[in-house]
$ cat protein_17.csv   # CSV, C-alpha atoms
chain,number,residue,atom,x,y,z
A,666,MET,CA,30.1,-7.7,26.1
A,667,ALA,CA,28.4,-8.4,29.4
A,668,LEU,CA,24.7,-8.1,29.2
A,669,LYS,CA,22.3,-7.2,32.1
A,670,PRO,CA,19.1,-9.2,32.5
A,671,MET,CA,17.0,-8.4,29.4
A,672,LEU,CA,14.2,-6.9,31.4
A,673,GLU,CA,16.5,-4.2,32.8
A,674,TYR,CA,16.7,-2.6,29.3
A,675,ALA,CA,14.1,0.1,28.6
A,676,SER,CA,13.8,-1.0,25.0
A,677,VAL,CA,12.9,-4.5,26.1
A,678,ARG,CA,10.2,-3.2,28.4
A,679,THR,CA,8.9,-1.1,25.5
A,680,TRP,CA,8.8,-4.2,23.3
A,681,LEU,CA,6.9,-6.2,25.9
A,682,ASP,CA,4.5,-3.4,26.7
A,683,GLY,CA,3.7,-3.1,23.0
A,684,LEU,CA,3.2,-6.8,22.6
A,685,ARG,CA,0.9,-6.8,25.7
A,686,GLU,CA,-1.1,-3.9,24.3
A,687,GLN,CA,-1.4,-5.5,20.9
A,688,TRP,CA,-2.1,-9.1,21.8
A,689,GLY,CA,-2.9,-9.2,25.5
A,690,GLY,CA,-1.6,-11.9,27.7
A,691,ASP,CA,1.9,-12.1,29.1
A,692,PRO,CA,4.4,-11.9,26.2
A,693,VAL,CA,7.2,-13.5,28.2
A,694,ALA,CA,5.2,-16.5,29.4
A,695,ASP,CA,3.3,-16.8,26.1
A,696,ASP,CA,6.5,-17.2,24.1
A,697,PRO,CA,9.4,-18.1,26.5
A,698,GLU,CA,11.8,-18.0,23.6
A,699,ARG,CA,11.5,-14.2,23.1
A,700,LEU,CA,14.0,-13.0,25.6
A,701,PRO,CA,16.6,-15.7,25.1
A,702,LEU,CA,16.5,-15.1,21.3
A,703,LEU,CA,17.0,-11.3,21.8
A,704,GLN,CA,19.8,-12.1,24.2
A,705,ALA,CA,21.4,-14.4,21.7
A,706,PHE,CA,21.1,-11.8,19.0
A,707,CYS,CA,22.8,-9.2,21.2
A,708,GLU,CA,25.6,-11.6,21.9
A,709,PHE,CA,25.8,-12.4,18.1
A,710,ALA,CA,26.0,-8.6,17.3
A,711,ASP,CA,28.1,-7.8,20.4
A,712,THR,CA,25.7,-5.1,21.6
A,713,ASP,CA,22.8,-4.6,24.0
A,714,PRO,CA,19.1,-4.0,23.2
A,715,ASP,CA,19.1,-0.3,24.0
A,716,ALA,CA,22.2,0.2,21.8
A,717,VAL,CA,20.4,-1.6,18.9
A,718,ILE,CA,17.5,0.8,19.1
A,719,GLY,CA,19.8,3.8,19.6
A,720,ALA,CA,21.8,2.9,16.5
A,721,CYS,CA,18.6,2.8,14.4
A,722,LEU,CA,17.6,6.3,15.4
A,723,ARG,CA,19.2,9.7,15.0
A,724,VAL,CA,18.3,13.3,15.9
A,725,ASP,CA,18.2,15.8,13.1
A,726,LYS,CA,19.2,19.5,13.2
A,727,ALA,CA,15.8,20.5,14.4
A,728,GLY,CA,16.0,18.1,17.3
A,729,ASP,CA,13.4,15.6,15.9
A,730,LYS,CA,13.9,11.9,16.1
A,731,ARG,CA,14.5,10.2,12.8
A,732,ILE,CA,15.1,6.7,11.7
A,733,SER,CA,18.8,6.2,10.7
A,734,VAL,CA,18.9,4.5,7.3
A,735,LYS,CA,22.4,3.5,7.9
A,736,GLY,CA,21.7,2.0,11.3
A,737,ARG,CA,18.5,0.2,10.2
A,738,ARG,CA,20.3,-1.3,7.2
A,739,LYS,CA,23.1,-2.5,9.4
A,740,TYR,CA,20.7,-4.2,11.8
A,741,ALA,CA,18.6,-5.6,9.0
A,742,GLU,CA,21.7,-7.3,7.6
A,743,LEU,CA,22.7,-8.5,11.1
A,744,ILE,CA,19.3,-10.0,11.7
A,745,ASP,CA,19.4,-11.8,8.3
A,746,ARG,CA,22.8,-13.2,9.3
A,747,PHE,CA,21.5,-14.2,12.7
A,748,GLN,CA,18.6,-15.9,11.1
A,749,ALA,CA,20.7,-17.7,8.5
A,750,ALA,CA,23.3,-18.8,11.1
A,751,SER,CA,20.8,-21.3,12.6
A,752,GLU,CA,20.9,-24.9,11.4
A,753,GLU,CA,17.2,-25.3,12.3
A,754,SER,CA,14.2,-25.7,10.0
A,755,ARG,CA,13.0,-22.8,7.7
A,756,LEU,CA,10.1,-22.1,10.1
A,757,ARG,CA,12.5,-22.0,13.1
A,758,LYS,CA,14.9,-19.7,11.2
A,759,ALA,CA,12.0,-17.4,10.4
A,760,LYS,CA,11.0,-17.3,14.0
A,761,ARG,CA,14.6,-16.5,15.1
A,762,GLY,CA,14.8,-13.5,12.7
A,763,ASN,CA,11.2,-12.3,13.2
A,764,THR,CA,11.5,-12.2,17.0
A,765,ILE,CA,14.3,-9.6,16.6
A,766,ARG,CA,12.3,-7.8,14.0
A,767,SER,CA,9.4,-7.6,16.4
A,768,PHE,CA,11.7,-6.1,19.0
A,769,LEU,CA,12.6,-3.3,16.6
A,770,ILE,CA,9.0,-2.8,15.3
A,771,TYR,CA,7.6,-2.2,18.8
A,772,ASN,CA,10.4,0.3,19.4
A,773,GLY,CA,9.2,2.2,16.3
A,774,ILE,CA,11.8,0.9,13.8
A,775,LEU,CA,9.9,-0.4,10.8
A,776,LEU,CA,12.0,-3.3,9.6
A,777,ALA,CA,10.3,-5.3,7.0
A,778,ALA,CA,12.1,-8.3,5.7
A,779,GLY,CA,9.5,-9.8,3.5
A,780,ALA,CA,7.5,-12.8,4.1
A,781,GLN,CA,10.0,-15.4,5.3
A,782,MET,CA,8.0,-18.4,4.4
A,783,ALA,CA,7.0,-17.0,0.9
A,784,LYS,CA,10.6,-16.4,-0.1
A,785,LYS,CA,12.1,-18.5,-2.7
A,786,ASP,CA,15.1,-20.6,-1.8
B,45,MET,CA,-21.8,-8.6,-7.5
B,46,GLU,CA,-23.9,-5.5,-7.3
B,47,PHE,CA,-22.1,-2.2,-7.6
B,48,LYS,CA,-22.8,-1.1,-4.0
B,49,GLU,CA,-21.6,-4.4,-2.6
B,50,VAL,CA,-18.3,-4.0,-4.6
B,51,ILE,CA,-17.7,-0.7,-2.8
B,52,GLY,CA,-18.7,-2.3,0.5
B,53,ARG,CA,-16.4,-5.3,0.1
B,54,ARG,CA,-13.3,-3.4,-1.0
B,55,ARG,CA,-10.5,-3.6,1.5
B,56,THR,CA,-6.9,-2.8,1.2
B,57,ILE,CA,-5.7,-6.4,1.3
B,58,ARG,CA,-2.3,-6.7,3.0
B,59,TYR,CA,-2.0,-10.5,3.0
B,60,PHE,CA,-2.1,-12.0,-0.5
B,61,ASP,CA,-1.8,-15.7,-1.3
B,62,PRO,CA,1.7,-15.5,-2.8
B,63,ASP,CA,1.3,-18.7,-4.8
B,64,LYS,CA,-2.1,-18.4,-6.3
B,65,PRO,CA,-1.8,-16.9,-9.8
B,66,VAL,CA,-4.2,-14.3,-11.1
B,67,PRO,CA,-5.9,-15.1,-14.4
B,68,ARG,CA,-4.7,-12.8,-17.1
B,69,GLU,CA,-8.2,-12.1,-18.2
B,70,LYS,CA,-9.0,-10.5,-14.9
B,71,ILE,CA,-6.1,-8.1,-15.2
B,72,GLN,CA,-7.3,-7.2,-18.7
B,73,MET,CA,-10.8,-6.5,-17.3
B,74,MET,CA,-9.3,-4.2,-14.7
B,75,LEU,CA,-7.4,-2.3,-17.4
B,76,GLU,CA,-10.5,-2.1,-19.6
B,77,ALA,CA,-12.4,-0.6,-16.7
B,78,ALA,CA,-9.6,2.0,-16.2
B,79,LEU,CA,-9.8,2.9,-19.9
B,80,LEU,CA,-13.5,3.6,-19.6
B,81,ALA,CA,-13.2,6.1,-16.6
B,82,SER,CA,-14.4,9.6,-16.7
B,83,CYS,CA,-11.6,11.7,-18.0
B,84,ALA,CA,-11.1,15.4,-18.3
B,85,VAL,CA,-10.6,16.6,-21.9
B,86,ASN,CA,-10.5,13.0,-22.9
B,87,ALA,CA,-6.7,13.2,-22.3
B,88,HIS,CA,-6.2,9.8,-20.6
B,89,TRP,CA,-3.3,10.6,-18.4
B,90,LEU,CA,-3.3,7.2,-16.8
B,91,LYS,CA,-0.7,4.7,-18.0
B,92,ALA,CA,0.1,1.3,-16.5
B,93,VAL,CA,2.8,-1.3,-16.6
B,94,VAL,CA,1.6,-4.7,-15.5
B,95,ILE,CA,4.2,-7.0,-13.9
B,96,GLU,CA,4.0,-10.6,-12.8
B,97,ARG,CA,6.0,-10.6,-9.6
B,98,ASP,CA,7.8,-13.8,-10.4
B,99,LYS,CA,9.0,-12.5,-13.8
B,100,LEU,CA,10.6,-9.5,-12.2
B,101,PRO,CA,14.2,-10.2,-11.3
B,102,GLN,CA,14.6,-10.3,-7.5
B,103,GLU,CA,17.1,-7.5,-7.6
B,104,GLN,CA,14.6,-5.2,-9.4
B,105,LEU,CA,11.8,-6.2,-7.0
B,106,ASP,CA,14.0,-5.3,-4.0
B,107,LYS,CA,14.8,-1.9,-5.6
B,108,LEU,CA,11.1,-1.1,-5.7
B,109,LYS,CA,10.5,-1.8,-2.1
B,110,THR,CA,10.1,0.8,0.6
B,111,PRO,CA,9.9,-0.1,4.3
B,112,VAL,CA,6.1,0.0,4.2
B,113,ALA,CA,5.7,-1.6,0.8
B,114,ASP,CA,8.1,-4.4,1.4
B,115,ILE,CA,5.9,-7.4,2.4
B,116,ALA,CA,3.0,-6.5,0.1
B,117,LEU,CA,5.2,-6.4,-3.0
B,118,ASP,CA,6.6,-9.8,-2.0
B,119,LEU,CA,3.1,-11.3,-1.5
B,120,ALA,CA,1.1,-9.9,-4.4
B,121,PRO,CA,1.5,-12.0,-7.6
B,122,VAL,CA,0.6,-9.1,-9.9
B,123,HIS,CA,1.6,-5.5,-9.7
B,124,ILE,CA,0.1,-2.8,-11.8
B,125,TYR,CA,2.3,0.2,-11.7
B,126,PHE,CA,0.4,3.4,-12.5
B,127,PHE,CA,1.9,6.5,-14.1
B,128,VAL,CA,0.6,9.9,-15.0
B,129,ASP,CA,1.6,10.7,-18.6
B,130,LEU,CA,2.2,14.4,-18.2
B,131,GLY,CA,3.2,14.9,-21.8
B,132,VAL,CA,-0.1,13.6,-23.3
B,133,VAL,CA,-1.9,16.9,-23.5
B,134,ASN,CA,0.7,18.5,-25.7
B,135,ARG,CA,1.1,15.4,-27.8
B,136,ILE,CA,-2.6,15.0,-28.7
B,137,GLN,CA,-3.2,18.8,-29.0
B,138,GLY,CA,-7.0,18.5,-28.6
B,139,SER,CA,-7.4,15.7,-31.1
B,140,ARG,CA,-9.4,13.6,-28.5
B,141,LEU,CA,-11.7,16.5,-27.8
B,142,ARG,CA,-12.4,16.7,-31.5
B,143,GLN,CA,-13.4,13.0,-31.4
B,144,LEU,CA,-15.9,13.9,-28.7
B,145,VAL,CA,-17.3,16.6,-30.9
B,146,ASP,CA,-17.6,14.1,-33.8
B,147,VAL,CA,-19.5,11.6,-31.8
B,148,GLY,CA,-21.9,14.2,-30.2
B,149,ALA,CA,-20.5,13.9,-26.7
B,150,LEU,CA,-19.4,17.5,-26.8
B,151,PRO,CA,-22.3,19.0,-28.8
B,152,PRO,CA,-22.8,22.4,-30.3
B,153,THR,CA,-25.7,22.9,-27.9
B,154,HIS,CA,-23.0,23.3,-25.3
B,155,GLY,CA,-20.8,25.5,-27.4
B,156,TRP,CA,-18.4,22.8,-28.8
B,157,SER,CA,-17.0,22.7,-32.4
B,158,HIS,CA,-13.7,21.7,-34.0
B,159,LYS,CA,-12.8,25.4,-34.4
B,160,PHE,CA,-13.4,26.0,-30.7
B,161,VAL,CA,-11.1,23.2,-29.7
B,162,ASP,CA,-8.4,24.1,-32.2
B,163,GLU,CA,-8.3,27.9,-31.7
B,164,LEU,CA,-9.3,28.3,-28.1
B,165,VAL,CA,-9.4,25.2,-25.9
B,166,TYR,CA,-6.0,23.7,-26.7
B,167,PRO,CA,-3.9,26.7,-27.4
B,168,GLN,CA,-5.4,29.1,-24.8
B,169,ILE,CA,-6.4,26.8,-22.0
B,170,LEU,CA,-4.8,23.3,-22.2
B,171,LYS,CA,-1.4,24.2,-23.4
B,172,PRO,CA,-0.8,26.9,-20.8
B,173,LEU,CA,-2.3,24.6,-18.1
B,174,THR,CA,0.5,22.2,-18.7
B,175,ASP,CA,3.0,24.8,-17.5
B,176,ALA,CA,0.9,25.7,-14.4
B,177,PRO,CA,2.0,24.4,-11.0
B,178,VAL,CA,-1.5,22.7,-10.5
B,179,TYR,CA,-1.2,20.7,-13.7
B,180,ALA,CA,0.5,17.6,-12.2
B,181,ALA,CA,-2.0,17.4,-9.3
B,182,ALA,CA,-5.0,17.8,-11.6
B,183,ALA,CA,-3.7,15.1,-14.0
B,184,ALA,CA,-2.9,12.8,-11.0
B,185,ALA,CA,-6.5,13.2,-9.6
B,186,ASP,CA,-7.9,12.3,-13.0
B,187,ALA,CA,-5.6,9.3,-13.3
B,188,GLY,CA,-6.6,8.3,-9.8
B,189,MET,CA,-10.2,8.0,-10.9
B,190,ALA,CA,-9.3,5.6,-13.6
B,191,ALA,CA,-7.1,3.6,-11.3
B,192,CYS,CA,-10.0,3.3,-8.9
B,193,GLN,CA,-12.1,1.8,-11.6
B,194,ALA,CA,-9.5,-0.9,-12.1
B,195,LEU,CA,-9.3,-1.5,-8.4
B,196,LEU,CA,-13.1,-1.9,-8.0
B,197,THR,CA,-13.2,-4.2,-11.0
B,198,GLY,CA,-10.7,-6.4,-9.3
B,199,VAL,CA,-12.9,-6.6,-6.2
B,200,ASP,CA,-15.8,-7.5,-8.5
B,201,GLU,CA,-13.8,-10.3,-9.9
B,202,GLY,CA,-13.1,-11.7,-6.5
B,203,LEU,CA,-9.6,-10.5,-6.2
B,204,GLY,CA,-7.8,-8.8,-3.4
B,205,VAL,CA,-6.4,-5.4,-4.2
B,206,ALA,CA,-4.3,-2.8,-2.5
B,207,MET,CA,-2.9,0.6,-3.6
B,208,ASN,CA,0.6,1.0,-2.4
B,209,THR,CA,3.5,3.3,-2.9
B,210,PRO,CA,6.7,1.9,-4.5
B,211,ASN,CA,9.9,3.8,-4.5
B,212,PRO,CA,9.2,6.7,-6.9
B,213,GLU,CA,12.8,7.6,-7.3
B,214,ILE,CA,13.9,4.5,-9.0
B,215,ILE,CA,10.6,3.3,-10.5
B,216,GLN,CA,11.1,5.2,-13.8
B,217,ASN,CA,14.4,3.4,-14.3
B,218,VAL,CA,13.2,0.0,-13.5
B,219,PHE,CA,10.4,0.1,-16.1
B,220,GLU,CA,12.2,2.4,-18.5
B,221,VAL,CA,9.1,4.6,-18.9
B,222,PRO,CA,9.3,7.9,-20.8
B,223,PRO,CA,10.7,10.8,-18.7
B,224,ASP,CA,7.4,12.7,-18.7
B,225,TRP,CA,5.6,9.8,-17.0
B,226,MET,CA,5.2,10.6,-13.3
B,227,SER,CA,5.0,7.6,-11.0
B,228,LEU,CA,1.6,7.4,-9.2
B,229,TRP,CA,0.9,4.2,-7.3
B,230,VAL,CA,1.2,0.4,-7.6
B,231,LEU,CA,-2.0,-1.6,-7.5
B,232,LEU,CA,-1.2,-4.9,-5.9
B,233,VAL,CA,-3.4,-7.7,-7.1
B,234,GLY,CA,-3.9,-11.3,-6.0
B,235,TYR,CA,-6.2,-13.6,-4.1
B,236,PRO,CA,-6.5,-12.7,-0.5
B,237,ALA,CA,-4.8,-14.9,2.0
B,238,GLU,CA,-6.9,-13.2,4.7
B,239,SER,CA,-10.7,-13.4,4.7
B,240,TRP,CA,-12.3,-11.0,2.3
B,241,GLU,CA,-13.8,-9.1,5.3
B,242,ALA,CA,-10.3,-8.6,6.7
B,243,GLY,CA,-11.6,-7.5,10.1
B,244,GLY,CA,-14.4,-5.3,8.8
B,245,GLN,CA,-14.8,-1.9,7.1
B,246,ARG,CA,-12.0,0.4,8.2
B,247,PRO,CA,-12.6,3.3,10.6
B,248,ARG,CA,-13.9,6.4,8.8
B,249,PRO,CA,-14.3,10.0,10.1
B,250,PRO,CA,-17.8,11.2,10.8
B,251,PHE,CA,-19.8,11.8,7.6
B,252,GLU,CA,-20.7,15.3,8.7
B,253,GLU,CA,-17.1,16.3,9.2
B,254,GLN,CA,-16.3,15.4,5.6
B,255,PHE,CA,-19.3,16.7,3.6
B,256,PHE,CA,-21.1,20.1,3.6
B,257,GLU,CA,-24.2,21.6,2.1
B,258,GLY,CA,-24.4,25.1,0.7
B,259,LYS,CA,-21.2,26.3,2.3
B,260,TYR,CA,-18.4,25.1,4.4
B,261,GLY,CA,-19.4,24.6,8.0
B,262,THR,CA,-23.0,23.4,7.3
B,263,PRO,CA,-22.7,19.6,7.4
B,264,PHE,CA,-24.6,17.6,4.8
B,265,LYS,CA,-27.1,15.9,7.0
B,266,ARG,CA,-26.9,12.2,7.1
B,267,ASP,CA,-30.2,10.5,6.8
B,268,PRO,CA,-30.3,7.3,8.9
B,269,ALA,CA,-32.8,5.7,6.5
B,270,VAL,CA,-30.3,6.0,3.7
B,271,VAL,CA,-27.7,4.4,5.8
B,272,GLU,CA,-30.0,1.5,6.5
B,273,LYS,CA,-30.7,1.2,2.7
B,274,LEU,CA,-27.0,1.0,2.1
B,275,LYS,CA,-26.5,-1.6,4.8
B,276,ALA,CA,-29.2,-3.7,3.1
B,277,ALA,CA,-27.3,-3.3,-0.2
B,278,LYS,CA,-24.1,-4.4,1.6
B,279,MET,CA,-22.3,-1.1,0.9
B,280,ILE,CA,-22.1,-0.2,4.5
B,281,GLN,CA,-20.9,-3.2,6.4
B,282,ARG,CA,-19.7,-4.3,9.8
B,283,PRO,CA,-17.0,-1.9,10.9
B,284,ALA,CA,-13.7,-3.1,12.1
B,285,VAL,CA,-13.3,-2.7,15.9
B,286,PRO,CA,-10.2,-2.5,18.0
B,287,ASN,CA,-9.0,-5.6,19.7
B,288,ASP,CA,-11.3,-7.9,17.8
B,289,PRO,CA,-10.3,-11.4,18.9
B,290,ALA,CA,-11.2,-13.0,15.6
B,291,ARG,CA,-9.0,-10.5,13.7
B,292,LYS,CA,-6.1,-11.0,16.0
B,293,ALA,CA,-6.4,-14.7,15.6
B,294,GLU,CA,-6.4,-14.3,11.8
B,295,ILE,CA,-3.3,-12.1,11.9
B,296,LYS,CA,-1.5,-14.6,14.1
B,297,ALA,CA,-2.3,-17.4,11.8
B,298,LEU,CA,-1.2,-15.4,8.7
B,299,ALA,CA,2.0,-14.4,10.4
B,300,GLU,CA,2.8,-18.0,11.1
B,301,ARG,CA,1.9,-19.2,7.6
B,302,LEU,CA,3.8,-16.5,5.8
B,303,GLY,CA,6.7,-16.0,8.2
B,304,LEU,CA,6.0,-12.5,9.4
B,305,PRO,CA,6.9,-10.9,12.7
B,306,LEU,CA,4.2,-10.3,15.3
$ encode --input "protein_17.csv" --output "structure tokens"
Amino acid sequence: MALKPMLEYASVRTWLDGLREQWGGDPVADDPERLPLLQAFCEFADTDPDAVIGACLRVDKAGDKRISVKGRRKYAELIDRFQAASEESRLRKAKRGNTIRSFLIYNGILLAAGAQMAKKD
Amino acid sequence: MEFKEVIGRRRTIRYFDPDKPVPREKIQMMLEAALLASCAVNAHWLKAVVIERDKLPQEQLDKLKTPVADIALDLAPVHIYFFVDLGVVNRIQGSRLRQLVDVGALPPTHGWSHKFVDELVYPQILKPLTDAPVYAAAAAADAGMAACQALLTGVDEGLGVAMNTPNPEIIQNVFEVPPDWMSLWVLLVGYPAESWEAGGQRPRPPFEEQFFEGKYGTPFKRDPAVVEKLKAAKMIQRPAVPNDPARKAEIKALAERLGLPL
């Protein structure tokens, strides 16, 4: 699937705004790997950033926004696979997965995957 | 540590050192403290199952997790799962009240006797209470006081502690507890990976909005001199503030060390 530049997606802007609000600075310049990693994940999952967030949410009968358990589980697994697909060090693998988890977190999708460096091999 | 400082130092620790074991004696001390808590009708609703995280099969640990309890359950080396034993009142049928009569804790000066317990208190008050809708809430509040004593004892012993909420729907099955035990909380225990101050005391609502005098609407007036005394006793400590650079740096360092998203 052809992706637009990452900054054109509303969910990416939400992510970066959240990072800026939380940590200050310029989230793109401070960690130049952020956007490329998100793009790589979208290519890996054959989707785009807004679609990722959309799939993790649903609207209930009352019209309220809810987190989709099914969607979140699907992306939790995809992120785990994306992380594991790397041949890099454990630290680098954790960064790969956690960058995508951060994208979901700042879009309101709580996606805990445990402490990557505390996990047993 | 002095009592007031224990209260002042307590934080909900969210970053435990996952590899630093907790001495068993400290866990026993916490449980001993829970056993000594004030308890209505001496029923002792609080029950606990202590788990060393590394002895719990990964599959079971994963089952207990909820999205908000995920990381904390991974990091804390010891979990104390608290339950409310809703069946206890009808099992003991006032026998622990009679013990209180025997030792003079419930004296005749206040109207207590074995006969009063056997013919009135248990059959006419306690037994019907167990069928009332309010019963579980009352028992949980009582158990909460006991759990709090365990928690504060952990702080006094230099441990990090955090009450958390495991998945209540499956917790009964994981620990094979009796069906009349209601899952309460899990007390996570370990040594803090973060500083004990953890950014400072958490924001609290204004004192006068919480406490009243005489009737609702008349705030209990807060005396600044008392506040100063409590500051001197280290019960009231530096409050956490938004955007604290030191706290942010601490969280970043912890995230890197433990492999957590930022």
$ interface_residues --input "protein_17.csv" --of "chain A" --to "chain B" --cutoff "12 Å" --atoms "all atoms listed in the file" --output "ChimeraX atom specification"
/A:680-681,683-689,692,696,699,732,734,737-738,741,755-771,774-786
$ atom_distance --input "protein_17.csv" --atom1 "atom CA of Ala297 of chain B" --atom2 "atom CA of Phe60 of chain B"
13.4 Å
$ atom_distance --input "protein_17.csv" --atom1 "atom CA of Gly719 of chain A" --atom2 "atom CA of Ala750 of chain A"
24.4 Å
$ closest_atom_pairs --input "protein_17.csv" --of "segment 677-698 of chain A" --to "segment 709-716 of chain A" --cutoff "12 Å" --atoms "all atoms listed in the file" --output "CSV"
residue,atom,partner,partner_atom,distance
A:Val677,CA,A:Pro714,CA,6.9
A:Arg678,CA,A:Pro714,CA,10.3
A:Thr679,CA,A:Asp715,CA,10.3
A:Trp680,CA,A:Pro714,CA,10.3
$ residues_around --input "protein_17.csv" --residues "Gln72 of chain B" --least-positions-apart "5" --cutoff "10 Å" --atoms "only C-alpha atoms" --output "PyMOL selection string"
chain B and resi 67+77-78+94+194
$ residues_near_point --input "protein_17.csv" --point "(0.3, -7.1, -10.8)" --cutoff "9 Å" --atoms "only C-alpha atoms" --output "tab-separated table (two decimals) with C-alpha atoms, in the coordinates of the input"
chain	number	residue	atom	x	y	z
B	66	VAL	CA	-4.20	-14.30	-11.10
B	71	ILE	CA	-6.10	-8.10	-15.20
B	93	VAL	CA	2.80	-1.30	-16.60
B	94	VAL	CA	1.60	-4.70	-15.50
B	95	ILE	CA	4.20	-7.00	-13.90
B	96	GLU	CA	4.00	-10.60	-12.80
B	97	ARG	CA	6.00	-10.60	-9.60
B	120	ALA	CA	1.10	-9.90	-4.40
B	121	PRO	CA	1.50	-12.00	-7.60
B	122	VAL	CA	0.60	-9.10	-9.90
B	123	HIS	CA	1.60	-5.50	-9.70
B	124	ILE	CA	0.10	-2.80	-11.80
B	125	TYR	CA	2.30	0.20	-11.70
B	230	VAL	CA	1.20	0.40	-7.60
B	231	LEU	CA	-2.00	-1.60	-7.50
B	232	LEU	CA	-1.20	-4.90	-5.90
B	233	VAL	CA	-3.40	-7.70	-7.10
B	234	GLY	CA	-3.90	-11.30	-6.00
$ build_atoms --input "protein_17.csv" --residues "segment 673-689 of chain A" --atoms "N, CA and C atoms" --output "PDB file, keeping the file's coordinate frame"
ATOM      1  N   GLU A 673      15.955  -5.458  32.222  1.00  0.00           N
ATOM      2  CA  GLU A 673      16.500  -4.200  32.800  1.00  0.00           C
ATOM      3  C   GLU A 673      16.676  -3.148  31.656  1.00  0.00           C
ATOM      4  N   TYR A 674      16.533  -3.550  30.414  1.00  0.00           N
ATOM      5  CA  TYR A 674      16.700  -2.600  29.300  1.00  0.00           C
ATOM      6  C   TYR A 674      15.355  -1.926  28.968  1.00  0.00           C
ATOM      7  N   ALA A 675      15.380  -0.616  28.862  1.00  0.00           N
ATOM      8  CA  ALA A 675      14.100   0.100  28.600  1.00  0.00           C
ATOM      9  C   ALA A 675      13.494  -0.326  27.276  1.00  0.00           C
ATOM     10  N   SER A 676      14.328  -0.579  26.268  1.00  0.00           N
ATOM     11  CA  SER A 676      13.800  -1.000  25.000  1.00  0.00           C
ATOM     12  C   SER A 676      13.094  -2.333  25.030  1.00  0.00           C
ATOM     13  N   VAL A 677      13.567  -3.189  25.907  1.00  0.00           N
ATOM     14  CA  VAL A 677      12.900  -4.500  26.100  1.00  0.00           C
ATOM     15  C   VAL A 677      11.569  -4.326  26.742  1.00  0.00           C
ATOM     16  N   ARG A 678      11.521  -3.435  27.715  1.00  0.00           N
ATOM     17  CA  ARG A 678      10.200  -3.200  28.400  1.00  0.00           C
ATOM     18  C   ARG A 678       9.249  -2.549  27.392  1.00  0.00           C
ATOM     19  N   THR A 679       9.760  -1.658  26.542  1.00  0.00           N
ATOM     20  CA  THR A 679       8.900  -1.100  25.500  1.00  0.00           C
ATOM     21  C   THR A 679       8.326  -2.134  24.592  1.00  0.00           C
ATOM     22  N   TRP A 680       9.183  -3.058  24.205  1.00  0.00           N
ATOM     23  CA  TRP A 680       8.800  -4.200  23.300  1.00  0.00           C
ATOM     24  C   TRP A 680       7.647  -4.974  23.984  1.00  0.00           C
ATOM     25  N   LEU A 681       7.902  -5.364  25.220  1.00  0.00           N
ATOM     26  CA  LEU A 681       6.900  -6.200  25.900  1.00  0.00           C
ATOM     27  C   LEU A 681       5.617  -5.478  26.163  1.00  0.00           C
ATOM     28  N   ASP A 682       5.730  -4.193  26.489  1.00  0.00           N
ATOM     29  CA  ASP A 682       4.500  -3.400  26.700  1.00  0.00           C
ATOM     30  C   ASP A 682       3.693  -3.335  25.384  1.00  0.00           C
ATOM     31  N   GLY A 683       4.418  -3.155  24.276  1.00  0.00           N
ATOM     32  CA  GLY A 683       3.700  -3.100  23.000  1.00  0.00           C
ATOM     33  C   GLY A 683       3.062  -4.407  22.632  1.00  0.00           C
ATOM     34  N   LEU A 684       3.741  -5.500  22.889  1.00  0.00           N
ATOM     35  CA  LEU A 684       3.200  -6.800  22.600  1.00  0.00           C
ATOM     36  C   LEU A 684       1.922  -7.056  23.493  1.00  0.00           C
ATOM     37  N   ARG A 685       2.028  -6.639  24.747  1.00  0.00           N
ATOM     38  CA  ARG A 685       0.900  -6.800  25.700  1.00  0.00           C
ATOM     39  C   ARG A 685      -0.298  -6.000  25.200  1.00  0.00           C
ATOM     40  N   GLU A 686      -0.006  -4.769  24.783  1.00  0.00           N
ATOM     41  CA  GLU A 686      -1.100  -3.900  24.300  1.00  0.00           C
ATOM     42  C   GLU A 686      -1.741  -4.445  23.061  1.00  0.00           C
ATOM     43  N   GLN A 687      -0.919  -4.976  22.170  1.00  0.00           N
ATOM     44  CA  GLN A 687      -1.400  -5.500  20.900  1.00  0.00           C
ATOM     45  C   GLN A 687      -2.172  -6.799  21.036  1.00  0.00           C
ATOM     46  N   TRP A 688      -1.575  -7.704  21.785  1.00  0.00           N
ATOM     47  CA  TRP A 688      -2.100  -9.100  21.800  1.00  0.00           C
ATOM     48  C   TRP A 688      -2.673  -9.534  23.108  1.00  0.00           C
ATOM     49  N   GLY A 689      -2.462  -8.751  24.164  1.00  0.00           N
ATOM     50  CA  GLY A 689      -2.900  -9.200  25.500  1.00  0.00           C
ATOM     51  C   GLY A 689      -2.013 -10.279  26.029  1.00  0.00           C
TER      52      GLY A 689
END
